[in-house]
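Novice: Contents are mmCIF, C-alpha atoms and all ligand atoms; file name upload12.cif:
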```
data_upload
loop_
_atom_site.label_atom_id
_atom_site.label_comp_id
_atom_site.auth_asym_id
_atom_site.auth_seq_id
_atom_site.Cartn_x
_atom_site.Cartn_y
_atom_site.Cartn_z
CA VAL Q 1 7.25 -1.26 1.10
CA VAL Q 2 3.74 -0.18 0.12
CA LYS Q 3 2.67 -1.88 -3.11
CA GLN Q 4 0.91 0.46 -5.51
CA ASN Q 5 -0.61 -2.26 -7.73
CA LEU Q 6 -1.77 -5.69 -6.65
CA SER Q 7 -2.54 -8.93 -8.40
CA PRO Q 8 -5.91 -10.60 -7.65
CA LYS Q 9 -4.00 -13.31 -5.78
CA GLU Q 10 -2.20 -10.83 -3.52
CA LEU Q 11 -5.35 -8.90 -2.76
CA ALA Q 12 -7.38 -12.09 -2.17
CA GLU Q 13 -4.81 -13.18 0.42
CA ALA Q 14 -4.93 -9.80 2.14
CA PHE Q 15 -8.75 -9.97 2.33
CA GLY Q 16 -8.76 -13.65 3.22
CA VAL Q 17 -11.05 -14.55 0.28
CA SER Q 18 -10.51 -16.84 -2.69
CA GLU Q 19 -8.74 -15.60 -5.77
CA SER Q 20 -11.74 -16.62 -7.88
CA SER Q 21 -14.06 -14.39 -5.79
CA LEU Q 22 -11.74 -11.50 -6.34
CA LYS Q 23 -11.56 -12.08 -10.09
CA ARG Q 24 -15.35 -12.28 -10.21
CA TRP Q 25 -15.68 -8.92 -8.42
CA ALA Q 26 -13.17 -7.44 -10.85
CA ASP Q 27 -14.99 -8.81 -13.89
CA SER Q 28 -18.37 -7.57 -12.62
CA GLY Q 29 -16.90 -4.09 -12.03
CA ARG Q 30 -17.41 -4.10 -8.23
CA ILE Q 31 -13.70 -3.47 -7.95
CA HIS Q 32 -11.89 -1.75 -10.78
CA ALA Q 33 -8.99 -3.70 -12.28
CA HIS Q 34 -6.78 -2.71 -15.18
CA ARG Q 35 -4.77 -5.05 -17.38
CA THR Q 36 -0.99 -5.28 -17.72
CA VAL Q 37 0.59 -5.39 -21.15
CA GLY Q 38 0.62 -9.16 -20.75
CA GLY Q 39 -3.16 -9.17 -20.05
CA HIS Q 40 -3.01 -9.79 -16.27
CA ARG Q 41 -5.45 -8.02 -13.93
CA ARG Q 42 -4.00 -5.45 -11.55
CA ILE Q 43 -5.79 -3.46 -8.85
CA ALA Q 44 -4.49 -0.10 -7.70
CA LEU Q 45 -3.94 0.08 -3.94
CA ALA Q 46 -6.18 3.13 -3.61
CA GLU Q 47 -8.98 1.21 -5.36
CA ALA Q 48 -8.44 -1.78 -3.08
CA ILE Q 49 -8.78 0.54 -0.07
CA ARG Q 50 -11.92 2.18 -1.46
CA PHE Q 51 -13.48 -1.23 -2.04
CA ALA Q 52 -12.55 -2.49 1.45
CA ARG Q 53 -14.10 0.58 3.08
CA ASP Q 54 -17.26 0.62 0.92
CA ALA Q 55 -17.87 -3.11 1.28
CA SER Q 56 -16.88 -3.15 4.99
CA LEU Q 57 -14.55 -5.99 4.12
CA PRO Q 58 -11.77 -6.21 6.70
CA ILE Q 59 -8.20 -6.45 5.45
CA LEU Q 60 -6.97 -9.36 7.53
CA ARG Q 61 -3.38 -9.16 6.35
CA PRO Q 62 -2.52 -5.48 5.76
CA ASP Q 63 1.16 -6.48 5.91
CA LEU Q 64 0.72 -8.16 2.51
CA LEU Q 65 -0.13 -4.72 1.07
CA GLY Q 66 2.90 -3.20 2.74
CA TRP Q 67 0.78 -1.64 5.51
CA PRO Q 68 1.74 -2.09 9.15
CA GLN Q 69 -0.26 -4.68 11.10
CA PRO Q 70 -1.73 -3.88 14.53
CA ALA Q 71 -0.14 -5.96 17.29
CA THR Q 72 -3.50 -6.94 18.82
CA ALA Q 73 -7.20 -6.65 17.98
CA GLN Q 74 -8.41 -3.09 17.38
CA PRO Q 75 -10.05 -1.66 20.55
CA PRO Q 76 -13.55 -0.16 20.57
CA ASP Q 77 -13.79 3.36 19.13
CA ARG Q 78 -14.16 5.00 22.53
CA GLN Q 79 -10.71 3.72 23.51
CA LEU Q 80 -8.93 4.91 20.37
CA ALA Q 81 -7.90 8.25 21.88
CA ASP Q 82 -6.25 6.48 24.82
CA LEU Q 83 -4.44 4.13 22.50
CA PHE Q 84 -3.27 6.92 20.18
CA PHE Q 85 -2.06 8.89 23.20
CA THR Q 86 -0.08 5.97 24.63
CA LEU Q 87 1.56 5.15 21.31
CA LEU Q 88 2.48 8.78 20.63
CA ARG Q 89 3.79 9.28 24.17
CA ASP Q 90 5.88 6.10 24.03
CA GLY Q 91 7.26 6.79 20.56
CA GLU Q 92 5.66 3.71 18.98
CA ALA Q 93 5.69 5.01 15.41
CA GLN Q 94 4.96 1.78 13.60
CA GLN Q 95 2.08 0.72 15.87
CA PHE Q 96 0.63 4.21 15.63
CA ARG Q 97 0.58 3.92 11.82
CA ALA Q 98 -0.93 0.46 12.11
CA ARG Q 99 -3.76 1.67 14.39
CA VAL Q 100 -4.59 4.71 12.30
CA THR Q 101 -4.62 2.80 9.03
CA ALA Q 102 -6.69 0.01 10.61
CA ALA Q 103 -9.26 2.56 11.80
CA TYR Q 104 -9.35 4.14 8.35
CA LEU Q 105 -9.77 0.76 6.64
CA GLN Q 106 -12.60 -0.04 9.05
CA GLY Q 107 -14.48 2.89 7.59
CA HIS Q 108 -13.66 5.85 9.85
CA THR Q 109 -13.35 9.03 7.84
CA LEU Q 110 -10.19 11.08 8.05
CA ALA Q 111 -12.19 13.92 9.61
CA GLU Q 112 -13.45 11.59 12.37
CA LEU Q 113 -9.90 10.54 13.20
CA PHE Q 114 -8.42 14.05 12.99
CA ASP Q 115 -11.09 15.88 15.02
CA GLY Q 116 -11.53 12.94 17.38
CA PRO Q 117 -8.90 10.61 18.82
CA TRP Q 118 -5.86 12.11 17.08
CA ARG Q 119 -6.58 15.62 18.28
CA THR Q 120 -7.46 14.42 21.78
CA ALA Q 121 -4.24 12.40 21.99
CA LEU Q 122 -2.15 15.43 21.00
CA GLN Q 123 -4.00 17.62 23.50
CA ARG Q 124 -2.98 15.17 26.20
CA ILE Q 125 0.61 15.20 24.89
CA GLY Q 126 0.49 19.00 25.35
CA GLN Q 127 -0.40 18.55 29.01
CA LEU Q 128 2.73 16.45 29.73
CA HIS Q 129 5.17 18.83 31.37
CA PRO Q 130 5.08 21.51 28.63
CA GLU Q 131 7.54 23.54 30.73
CA ASN Q 132 10.52 21.17 30.65
CA ASP Q 133 12.76 19.24 28.27
CA ALA Q 134 10.90 15.96 28.72
CA GLY Q 135 7.63 17.51 27.58
CA ILE Q 136 9.22 19.24 24.59
CA ILE Q 137 10.94 16.04 23.50
CA VAL Q 138 7.67 14.09 23.64
CA ALA Q 139 5.77 16.80 21.74
CA HIS Q 140 8.37 16.90 18.98
CA HIS Q 141 8.49 13.12 18.71
CA ALA Q 142 4.69 12.82 18.67
CA THR Q 143 4.58 15.40 15.89
CA ASP Q 144 7.10 13.46 13.83
CA ILE Q 145 5.23 10.16 14.32
CA SER Q 146 2.02 11.92 13.26
CA LEU Q 147 3.75 13.37 10.19
CA GLN Q 148 4.99 9.96 9.09
CA CYS Q 149 1.51 8.55 9.40
CA LEU Q 150 -0.21 11.43 7.60
CA ASN Q 151 2.25 11.18 4.74
CA LEU Q 152 1.59 7.45 4.44
CA LEU Q 153 -2.16 8.10 4.24
CA ARG Q 154 -1.64 10.98 1.86
CA SER Q 155 0.57 9.14 -0.61
CA THR Q 156 -1.71 6.12 -0.55
CA LEU Q 157 -4.96 8.04 -0.92
CA LEU Q 158 -3.66 9.94 -3.89
CA THR Q 159 -2.40 6.84 -5.63
CA GLY Q 160 -4.49 5.72 -8.53
CA ARG Q 161 -6.26 9.03 -8.98
CA GLU Q 162 -4.63 10.68 -11.92
CA PRO Q 163 -4.92 14.41 -11.36
CA ASP Q 164 -5.40 16.11 -14.72
CA THR Q 165 -5.89 19.70 -15.79
CA GLN Q 166 -9.58 19.42 -14.80
CA THR Q 167 -8.84 18.40 -11.20
CA PRO Q 168 -9.52 21.42 -8.99
CA VAL Q 169 -6.61 22.61 -6.89
CA ALA Q 170 -6.66 23.32 -3.15
CA LEU Q 171 -3.70 25.19 -1.72
CA GLY Q 172 -2.84 26.34 1.78
CA GLY Q 173 -0.62 26.58 4.83
CA SER Q 174 -0.09 28.47 8.07
CA PRO Q 175 0.98 32.12 8.36
CA ALA Q 176 4.47 33.43 9.20
CA GLY Q 177 5.40 32.81 12.83
CA ASP Q 178 3.09 29.80 13.07
CA HIS Q 179 5.29 26.71 13.17
CA TYR Q 180 2.60 24.06 13.54
CA LEU Q 181 2.95 21.39 10.86
CA LEU Q 182 0.10 19.00 11.53
CA PRO Q 183 -3.09 21.06 11.07
CA SER Q 184 -2.21 22.19 7.55
CA LEU Q 185 -1.14 18.68 6.57
CA MET Q 186 -4.40 17.28 7.92
CA ALA Q 187 -6.32 19.82 5.84
CA ALA Q 188 -4.33 18.71 2.78
CA CYS Q 189 -5.25 15.06 3.46
CA ILE Q 190 -8.96 15.93 3.78
CA LEU Q 191 -8.88 17.82 0.50
CA ALA Q 192 -6.94 15.08 -1.32
CA ASP Q 193 -9.46 12.55 -0.04
CA THR Q 194 -12.30 14.68 -1.41
CA GLY Q 195 -10.67 14.71 -4.86
CA PHE Q 196 -8.72 17.95 -4.94
CA ARG Q 197 -5.14 18.22 -6.11
CA GLU Q 198 -3.64 19.57 -2.91
CA ILE Q 199 -0.63 21.82 -2.60
CA ASN Q 200 0.42 22.08 1.04
CA LEU Q 201 2.81 24.99 1.55
CA GLY Q 202 3.10 24.12 5.23
CA PRO Q 203 3.91 26.43 8.14
CA ASP Q 204 5.44 29.88 8.35
CA LEU Q 205 4.20 31.36 5.07
CA PRO Q 206 4.35 35.18 4.77
CA PHE Q 207 0.82 36.47 4.39
CA PRO Q 208 1.41 38.15 0.96
CA THR Q 209 2.69 34.81 -0.33
CA PHE Q 210 -0.77 33.26 0.16
CA ARG Q 211 -2.10 35.82 -2.33
CA ALA Q 212 0.79 35.27 -4.77
CA ALA Q 213 0.43 31.48 -4.60
CA ALA Q 214 -3.32 31.72 -5.19
CA GLN Q 215 -2.81 34.00 -8.16
CA HIS Q 216 -0.28 31.55 -9.58
CA HIS Q 217 -2.18 28.28 -9.05
CA HIS Q 218 -5.81 29.47 -9.28
CA PRO Q 219 -7.00 27.09 -6.55
CA ARG Q 220 -10.69 26.57 -5.91
CA ILE Q 221 -9.86 26.49 -2.19
CA LEU Q 222 -7.19 28.44 -0.35
CA TRP Q 223 -6.93 27.26 3.26
CA ILE Q 224 -5.22 29.10 6.09
CA SER Q 225 -4.61 27.32 9.39
CA CYS Q 226 -4.16 29.61 12.41
CA ASN Q 227 -2.51 27.84 15.34
CA ALA Q 228 -0.47 30.57 17.05
CA GLN Q 229 -2.15 33.60 18.56
CA HIS Q 230 0.63 36.07 17.73
CA ALA Q 231 0.76 34.93 14.09
CA ALA Q 232 -2.95 34.88 13.22
CA PRO Q 233 -4.07 37.26 10.48
CA SER Q 234 -6.74 39.85 11.33
CA SER Q 235 -10.25 39.54 10.01
CA ASP Q 236 -9.55 42.64 7.87
CA ASP Q 237 -6.58 40.86 6.25
CA LEU Q 238 -8.80 37.90 5.48
CA LEU Q 239 -11.58 40.06 4.13
CA ALA Q 240 -9.17 41.88 1.80
CA LEU Q 241 -7.68 38.59 0.58
CA ALA Q 242 -11.12 37.05 -0.02
CA ASN Q 243 -12.18 40.11 -2.01
CA ASP Q 244 -8.99 39.96 -4.11
CA LEU Q 245 -9.60 36.29 -4.87
CA ALA Q 246 -13.31 36.57 -5.64
CA PRO Q 247 -12.85 37.35 -9.39
CA GLN Q 248 -10.87 34.12 -9.87
CA GLN Q 249 -13.50 32.19 -7.87
CA THR Q 250 -11.15 31.06 -5.14
CA HIS Q 251 -12.80 30.29 -1.79
CA LEU Q 252 -10.81 31.29 1.28
CA VAL Q 253 -11.22 28.80 4.14
CA VAL Q 254 -9.87 29.68 7.56
CA GLY Q 255 -9.51 27.24 10.46
CA GLY Q 256 -7.48 26.57 13.58
CA GLN Q 257 -7.71 27.50 17.23
CA PHE Q 258 -6.74 31.12 16.60
CA ALA Q 259 -8.75 31.82 13.47
CA PRO Q 260 -10.20 35.33 13.89
CA ALA Q 261 -13.95 35.86 14.01
CA LEU Q 262 -15.30 36.80 10.61
CA PRO Q 263 -17.04 40.12 10.06
CA ASP Q 264 -20.84 40.17 9.85
CA ASN Q 265 -22.04 39.34 6.35
CA PRO Q 266 -18.75 37.95 5.03
CA PRO Q 267 -18.41 37.67 1.25
CA PRO Q 268 -19.66 34.34 -0.12
CA ASN Q 269 -16.11 33.10 -0.82
CA LEU Q 270 -14.92 33.53 2.79
CA HIS Q 271 -15.56 30.63 5.19
CA LEU Q 272 -14.67 29.89 8.79
CA CYS Q 273 -14.33 26.13 9.36
CA PRO Q 274 -13.51 25.28 12.97
CA THR Q 275 -13.12 21.54 12.36
CA MET Q 276 -11.88 19.10 9.72
CA HIS Q 277 -15.49 17.87 9.45
CA ASP Q 278 -16.53 21.37 8.40
CA LEU Q 279 -13.75 21.42 5.82
CA ALA Q 280 -14.75 18.01 4.45
CA ASN Q 281 -18.39 19.14 4.09
CA LEU Q 282 -17.48 22.41 2.40
CA ALA Q 283 -15.00 20.67 0.09
CA GLN Q 284 -17.69 18.18 -1.02
CA HIS Q 285 -19.94 21.09 -1.83
CA LEU Q 286 -17.29 23.07 -3.72
CA ILE Q 287 -15.93 20.19 -5.78
CA VAL Q 288 -19.22 19.50 -7.55
CA ARG Q 289 -19.89 23.08 -8.54
C1 LIG Q 301 2.97 19.49 19.02
C2 LIG Q 301 2.92 20.77 19.81
C3 LIG Q 301 4.02 21.63 19.74
C4 LIG Q 301 5.20 21.35 18.84
C5 LIG Q 301 4.89 21.79 17.40
C6 LIG Q 301 5.65 20.97 16.37
C7 LIG Q 301 5.32 21.40 14.97
N1 LIG Q 301 6.26 22.00 14.30
O1 LIG Q 301 4.21 21.20 14.54
C8 LIG Q 301 6.29 22.21 19.53
C9 LIG Q 301 6.97 21.38 20.60
C10 LIG Q 301 7.33 22.83 18.63
C11 LIG Q 301 5.43 23.26 20.25
C12 LIG Q 301 5.90 24.48 20.65
C13 LIG Q 301 5.19 25.38 21.43
N2 LIG Q 301 3.97 25.15 21.96
CO1 LIG Q 301 2.85 23.67 21.47
N3 LIG Q 301 1.72 22.16 21.32
C14 LIG Q 301 1.79 21.09 20.60
C15 LIG Q 301 0.54 20.22 20.84
C16 LIG Q 301 0.97 19.09 21.79
C17 LIG Q 301 -0.12 19.62 19.62
C18 LIG Q 301 -0.44 20.65 18.51
C19 LIG Q 301 -0.95 19.95 17.27
O2 LIG Q 301 -0.26 19.78 16.28
N4 LIG Q 301 -2.22 19.48 17.33
C20 LIG Q 301 -2.88 18.80 16.22
C21 LIG Q 301 -3.84 19.70 15.55
C22 LIG Q 301 -4.32 19.09 14.26
O3 LIG Q 301 -4.95 19.91 16.41
P1 LIG Q 301 -5.56 21.37 16.62
O4 LIG Q 301 -4.46 22.35 16.63
O5 LIG Q 301 -6.44 21.28 17.81
O6 LIG Q 301 -6.42 21.61 15.29
C23 LIG Q 301 -7.75 21.19 15.15
C24 LIG Q 301 -8.69 22.36 14.88
O7 LIG Q 301 -8.22 23.58 15.39
C25 LIG Q 301 -8.89 22.36 13.39
N5 LIG Q 301 -7.97 23.07 12.52
C26 LIG Q 301 -6.70 23.45 12.71
N6 LIG Q 301 -6.23 24.05 11.60
C27 LIG Q 301 -7.20 24.05 10.68
C28 LIG Q 301 -7.23 24.53 9.38
C29 LIG Q 301 -8.40 24.40 8.61
C30 LIG Q 301 -8.41 24.92 7.20
C31 LIG Q 301 -9.52 23.76 9.20
C32 LIG Q 301 -10.74 23.62 8.41
C33 LIG Q 301 -9.49 23.29 10.51
C34 LIG Q 301 -8.34 23.43 11.25
O8 LIG Q 301 -8.79 20.98 13.05
C35 LIG Q 301 -7.83 20.33 13.90
C36 LIG Q 301 -8.30 18.90 14.17
O9 LIG Q 301 -9.51 18.90 14.87
C37 LIG Q 301 -0.42 21.26 21.50
C38 LIG Q 301 -1.46 20.65 22.40
C39 LIG Q 301 -2.88 21.05 21.99
N7 LIG Q 301 -3.77 21.15 22.90
O10 LIG Q 301 -3.15 21.30 20.83
C40 LIG Q 301 0.57 22.22 22.20
C41 LIG Q 301 0.14 23.66 22.43
C42 LIG Q 301 -0.65 24.18 21.26
N8 LIG Q 301 1.43 24.36 22.53
C43 LIG Q 301 1.43 25.32 23.41
C44 LIG Q 301 2.55 26.14 23.70
C45 LIG Q 301 2.38 27.09 24.87
C46 LIG Q 301 3.72 26.08 22.94
C47 LIG Q 301 4.98 26.98 23.13
C48 LIG Q 301 4.70 28.44 23.35
C49 LIG Q 301 5.80 26.34 24.25
C50 LIG Q 301 7.04 27.16 24.66
N9 LIG Q 301 6.96 27.61 25.89
O11 LIG Q 301 7.95 27.31 23.88
C51 LIG Q 301 5.74 26.72 21.81
C52 LIG Q 301 5.38 27.80 20.79
C53 LIG Q 301 5.62 27.39 19.34
C54 LIG Q 301 5.38 28.54 18.40
N10 LIG Q 301 6.42 29.22 17.99
O12 LIG Q 301 4.25 28.84 18.07
C55 LIG Q 301 0.09 25.43 24.11
C56 LIG Q 301 -0.72 26.62 23.58
C57 LIG Q 301 -1.45 27.36 24.67
C58 LIG Q 301 -2.31 28.43 24.07
N11 LIG Q 301 -3.61 28.17 24.01
O13 LIG Q 301 -1.82 29.42 23.60
C59 LIG Q 301 -0.52 24.01 23.83
C60 LIG Q 301 -2.05 24.00 23.80
C61 LIG Q 301 0.03 23.06 24.93
C62 LIG Q 301 -0.44 23.39 26.34
N12 LIG Q 301 -1.34 22.62 26.90
O14 LIG Q 301 0.01 24.33 26.94
N13 LIG Q 301 4.18 22.80 20.42
#
```
Step by step, read the file and then write its structure as structure tokens.
Ligand code: B12
Specialist:
Amino acid sequence: VVKQNLSPKELAEAFGVSESSLKRWADSGRIHAHRTVGGHRRIALAEAIRFARDASLPILRPDLLGWPQPATAQPPDRQLADLFFTLLRDGEAQQFRARVTAAYLQGHTLAELFDGPWRTALQRIGQLHPENDAGIIVAHHATDISLQCLNLLRSTLLTGREPDTQTPVALGGSPAGDHYLLPSLMAACILADTGFREINLGPDLPFPTFRAAAQHHHPRILWISCNAQHAAPSSDDLLALANDLAPQQTHLVVGGQFAPALPDNPPPNLHLCPTMHDLANLAQHLIVR
């Protein structure tokens, strides 16, 4: 079970440092702690993760935080794609979560993992007998293992940040006929990590519903992930939607393998982002303005 709030003692054990060091960091403000009704310090898990990543402090015992522990030492970065592929292919859900969370705690950004080893591993899954049952079974299973892991990251990253009425919203999904779950969920994770309140409507969303949802929620970002050729909207559809959303200052962000080319001189609220890195950069820019 993932613990949402930790005592200094628990966190000190996870980091392999003394409890007094941890209390000192809390009292100096290096790591934010709140007090219980009884006056005891507590550290939100999301804050503990932020601190570990910023300070490059390894979490030696992630199991104490309720996170899965890698079975062996983490391999060098260049071997991560191979490892992710093997774990996804062999259905090793728990070790996959352990490896991804370890890489994240070591300081990799979500965008690095999504555009890099995770994507490469899934590409290789797609090359395993896509024409027969065995290949379909592996692809479905790898998708489910990825979903479990993304949802763990997503629920943990959001913890501790209290979205309020000032928190900008980002909303999105994939169009009708596009059944791919992972790209839109990855976009949601990137946006949550940047500080947006994300609303992931997932796959298979009728195109007019994107407009209706944006009019209802007034997001600062509306993302559309295009992963199936037959289901991708045309650039005219996107242009019309961006123009409709301009008065409410919603930016339309389109990504995915089958995102259409944008017209010359697109309106300033229409963006093509081929990668999760592009989305992360744009989101940083849009959240401060
Ligand atoms: C998992 C999978 C499936 C699963 C999907 C499960 C699910 N519900 O999600 C299942 C088994 C159902 C499936 C079915 C099919 N699949 Co399939 N599938 C895959 C696989 C292995 C992984 C796809 C995935 O999720 N990747 C992870 C995402 C995150 O990576 P990505 O798509 O590359 O996205 C990156 C960028 O494009 C960008 N991005 C994407 N979206 C967005 C959005 C925004 C806002 C931004 C900023 C960026 C961005 O960032 C991502 C990370 O870098 C791919 C292999 C591959 N090469 O991709 C084949 C693949 C896509 N499938 C393929 C095929 C042919 C099919 C089927 C037609 C097979 C069949 N004969 O029935 C069906 C069609 C399904 C349909 N109706 O559309 C082909 C597509 C060939 C082509 N180019 O057209 C591939 C490439 C496999 C292959 N080598 O042949 N598939």
Novice: Dig up all the protein and nucleic acid residues within 6 Å of (-14.9, 14.6, 6.0) in the file frame, using all atoms listed in the file, and format them as an mmCIF file with C-alpha atoms, in the frame of the given file.
Specialist:
```
data_model
loop_
_atom_site.group_PDB
_atom_site.id
_atom_site.type_symbol
_atom_site.label_atom_id
_atom_site.label_comp_id
_atom_site.auth_asym_id
_atom_site.auth_seq_id
_atom_site.Cartn_x
_atom_site.Cartn_y
_atom_site.Cartn_z
ATOM 1 C CA ALA Q 111 -12.190 13.920 9.610
ATOM 2 C CA HIS Q 277 -15.490 17.870 9.450
ATOM 3 C CA ALA Q 280 -14.750 18.010 4.450
#
```
Novice: Do you have the atom C47 of ligand LIG 301 (chain Q)-atom CA of Ala139 of chain Q distance handy?
Specialist: 10.3 Å
Novice: What does the list of residues within 7 Å of ligand LIG 301 (chain Q) look like if you count all atoms listed in the file, written as a ChimeraX atom specification?
Specialist: /Q:114-116,119,122-127,130-131,136,139-140,142-143,177-184,186-187,223-229,253-257,273-276,278-279
Novice: Please determine, counting all atoms listed in the file, which residue among Q:Pro203, Q:Pro233, Q:Gly39, Q:Gly107 has the shortest atom-to-atom distance to Arg53 of chain Q.
Specialist: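 So, comparing all the options, the nearest one is Q:Gly107.
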Novice: Identify which of the residues Q:Leu286, Q:Leu238, Q:Leu245, Q:Leu80 lies closest to Ala261 of chain Q, counting all atoms listed in the file when measuring atom-to-atom distances.
Specialist: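 Of the candidates, the smallest distance to Ala261 of chain Q is held by Q:Leu238.
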Novice: I need the residue nearest Lys3 of chain Q from this list: Q:Arg42, Q:His285, Q:Lys23, Q:His141. Use all atoms listed in the file for the distance.
Specialist: Q:Arg42
Novice: In Å, rounded to a single decimal, give me how far atom CA of Trp25 of chain Q is from atom CA of Leu105 of chain Q.
Specialist: 18.9 Å
Novice: Applying 8 Å and all atoms listed in the file, which residues near segment 86-102 of chain Q remain after dropping the ones on its own chain fewer than 6 positions away? List them as a PDB file with C-alpha atoms, in the coordinates of the input.
Specialist:
```pdb
ATOM      1  CA  TRP Q  67       0.780  -1.640   5.510  1.00  0.00           C
ATOM      2  CA  PRO Q  68       1.740  -2.090   9.150  1.00  0.00           C
ATOM      3  CA  GLN Q  69      -0.260  -4.680  11.100  1.00  0.00           C
ATOM      4  CA  PRO Q  70      -1.730  -3.880  14.530  1.00  0.00           C
ATOM      5  CA  ALA Q  71      -0.140  -5.960  17.290  1.00  0.00           C
ATOM      6  CA  GLN Q  74      -8.410  -3.090  17.380  1.00  0.00           C
ATOM      7  CA  LEU Q 113      -9.900  10.540  13.200  1.00  0.00           C
ATOM      8  CA  ALA Q 121      -4.240  12.400  21.990  1.00  0.00           C
ATOM      9  CA  ILE Q 125       0.610  15.200  24.890  1.00  0.00           C
ATOM     10  CA  VAL Q 138       7.670  14.090  23.640  1.00  0.00           C
ATOM     11  CA  HIS Q 141       8.490  13.120  18.710  1.00  0.00           C
ATOM     12  CA  ALA Q 142       4.690  12.820  18.670  1.00  0.00           C
ATOM     13  CA  ILE Q 145       5.230  10.160  14.320  1.00  0.00           C
ATOM     14  CA  GLN Q 148       4.990   9.960   9.090  1.00  0.00           C
ATOM     15  CA  CYS Q 149       1.510   8.550   9.400  1.00  0.00           C
ATOM     16  CA  LEU Q 153      -2.160   8.100   4.240  1.00  0.00           C
TER      17      LEU Q 153
END
```
Novice: Out of Q:Ile221, Q:Ala259, Q:Ala214, Q:Leu110, which residue has the shortest atom-to-atom distance to Cys189 of chain Q when counting all atoms listed in the file?
Specialist: Q:Leu110
Novice: Leaving out Pro175 of chain Q and any residue of its chain fewer than 4 positions from it, which residues lie within 6 Å of it when counting all atoms listed in the file, given as a list in words?
Specialist: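 Counting all atoms listed in the file, the residues come to Asp204, Leu205, Pro206 and Phe207 of chain Q.
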Novice: Expressed in Å to a single decimal, how great is the separation between atom CA of Pro8 of chain Q and atom CA of Asp193 of chain Q?
Specialist: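 That distance, rounded to one decimal, is 24.6 Å.
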Novice: Which residue out of Q:Leu11, Q:Ile49, Q:Leu22, Q:Ala73 has the minimum interatomic distance to Arg61 of chain Q when all atoms listed in the file are used?
Specialist: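 Among the listed residues, Q:Leu11 lies closest to Arg61 of chain Q.
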Novice: Quick one: residues within 7 Å of Arg220 of chain Q, only C-alpha atoms, excluding same-chain residues fewer than 5 positions away - as a list of chain:residue names?
Specialist: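 Within the cut-off, the hits are Q:Pro168, Q:Val169, Q:Ala170, Q:Gln249, Q:Thr250, Q:His251.
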Novice: Using all atoms listed in the file, which residues sit within 12 Å of Gly29 of chain Q once same-chain residues fewer than 5 positions away are excluded, as a compact mmCIF listing (two decimals) with C-alpha atoms, keeping the file's coordinate frame?
Specialist:
```txt
# COMPACT_ATOMS: atom_id res chain seq x y z
CA LEU Q 22 -11.74 -11.50 -6.34
CA LYS Q 23 -11.56 -12.08 -10.09
CA ARG Q 24 -15.35 -12.28 -10.21
CA HIS Q 34 -6.78 -2.71 -15.18
CA ILE Q 43 -5.79 -3.46 -8.85
CA GLU Q 47 -8.98 1.21 -5.36
CA PHE Q 51 -13.48 -1.23 -2.04
```
Novice: Restricting the calculation to all atoms listed in the file: of Q:Ser174, Q:Glu198, Q:Ile31, Q:Trp118, which residue gets closest to Asp82 of chain Q?
Specialist: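 Between Q:Ser174, Q:Glu198, Q:Ile31, Q:Trp118, the residue approaching Asp82 of chain Q most closely is Q:Trp118.
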Novice: Kindly output segment 39-49 of chain Q as a JSON list (two decimals), in the frame of the given file, after building N, CA and C atoms.
Specialist:
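Once everything was written out, this is part-v8.json:
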```json
[["chain", "number", "residue", "atom", "x", "y", "z"],
["Q", 39, "GLY", "N", -1.76, -8.78, -20.19],
["Q", 39, "GLY", "CA", -3.16, -9.17, -20.05],
["Q", 39, "GLY", "C", -3.56, -9.58, -18.64],
["Q", 40, "HIS", "N", -2.66, -9.41, -17.65],
["Q", 40, "HIS", "CA", -3.01, -9.79, -16.27],
["Q", 40, "HIS", "C", -3.75, -8.66, -15.56],
["Q", 41, "ARG", "N", -4.71, -9.05, -14.68],
["Q", 41, "ARG", "CA", -5.45, -8.02, -13.93],
["Q", 41, "ARG", "C", -4.56, -7.43, -12.84],
["Q", 42, "ARG", "N", -4.68, -6.13, -12.66],
["Q", 42, "ARG", "CA", -4.00, -5.45, -11.55],
["Q", 42, "ARG", "C", -4.97, -4.47, -10.90],
["Q", 43, "ILE", "N", -4.90, -4.36, -9.59],
["Q", 43, "ILE", "CA", -5.79, -3.46, -8.85],
["Q", 43, "ILE", "C", -4.93, -2.42, -8.13],
["Q", 44, "ALA", "N", -5.25, -1.16, -8.37],
["Q", 44, "ALA", "CA", -4.49, -0.10, -7.70],
["Q", 44, "ALA", "C", -4.78, -0.15, -6.20],
["Q", 45, "LEU", "N", -3.77, 0.13, -5.40],
["Q", 45, "LEU", "CA", -3.94, 0.08, -3.94],
["Q", 45, "LEU", "C", -5.07, 0.99, -3.48],
["Q", 46, "ALA", "N", -5.13, 2.19, -4.04],
["Q", 46, "ALA", "CA", -6.18, 3.13, -3.61],
["Q", 46, "ALA", "C", -7.57, 2.55, -3.90],
["Q", 47, "GLU", "N", -7.71, 1.83, -5.02],
["Q", 47, "GLU", "CA", -8.98, 1.21, -5.36],
["Q", 47, "GLU", "C", -9.28, 0.06, -4.39],
["Q", 48, "ALA", "N", -8.24, -0.68, -4.04],
["Q", 48, "ALA", "CA", -8.44, -1.78, -3.08],
["Q", 48, "ALA", "C", -8.93, -1.22, -1.74],
["Q", 49, "ILE", "N", -8.39, -0.08, -1.33],
["Q", 49, "ILE", "CA", -8.78, 0.54, -0.07],
["Q", 49, "ILE", "C", -10.22, 1.06, -0.16]]
```
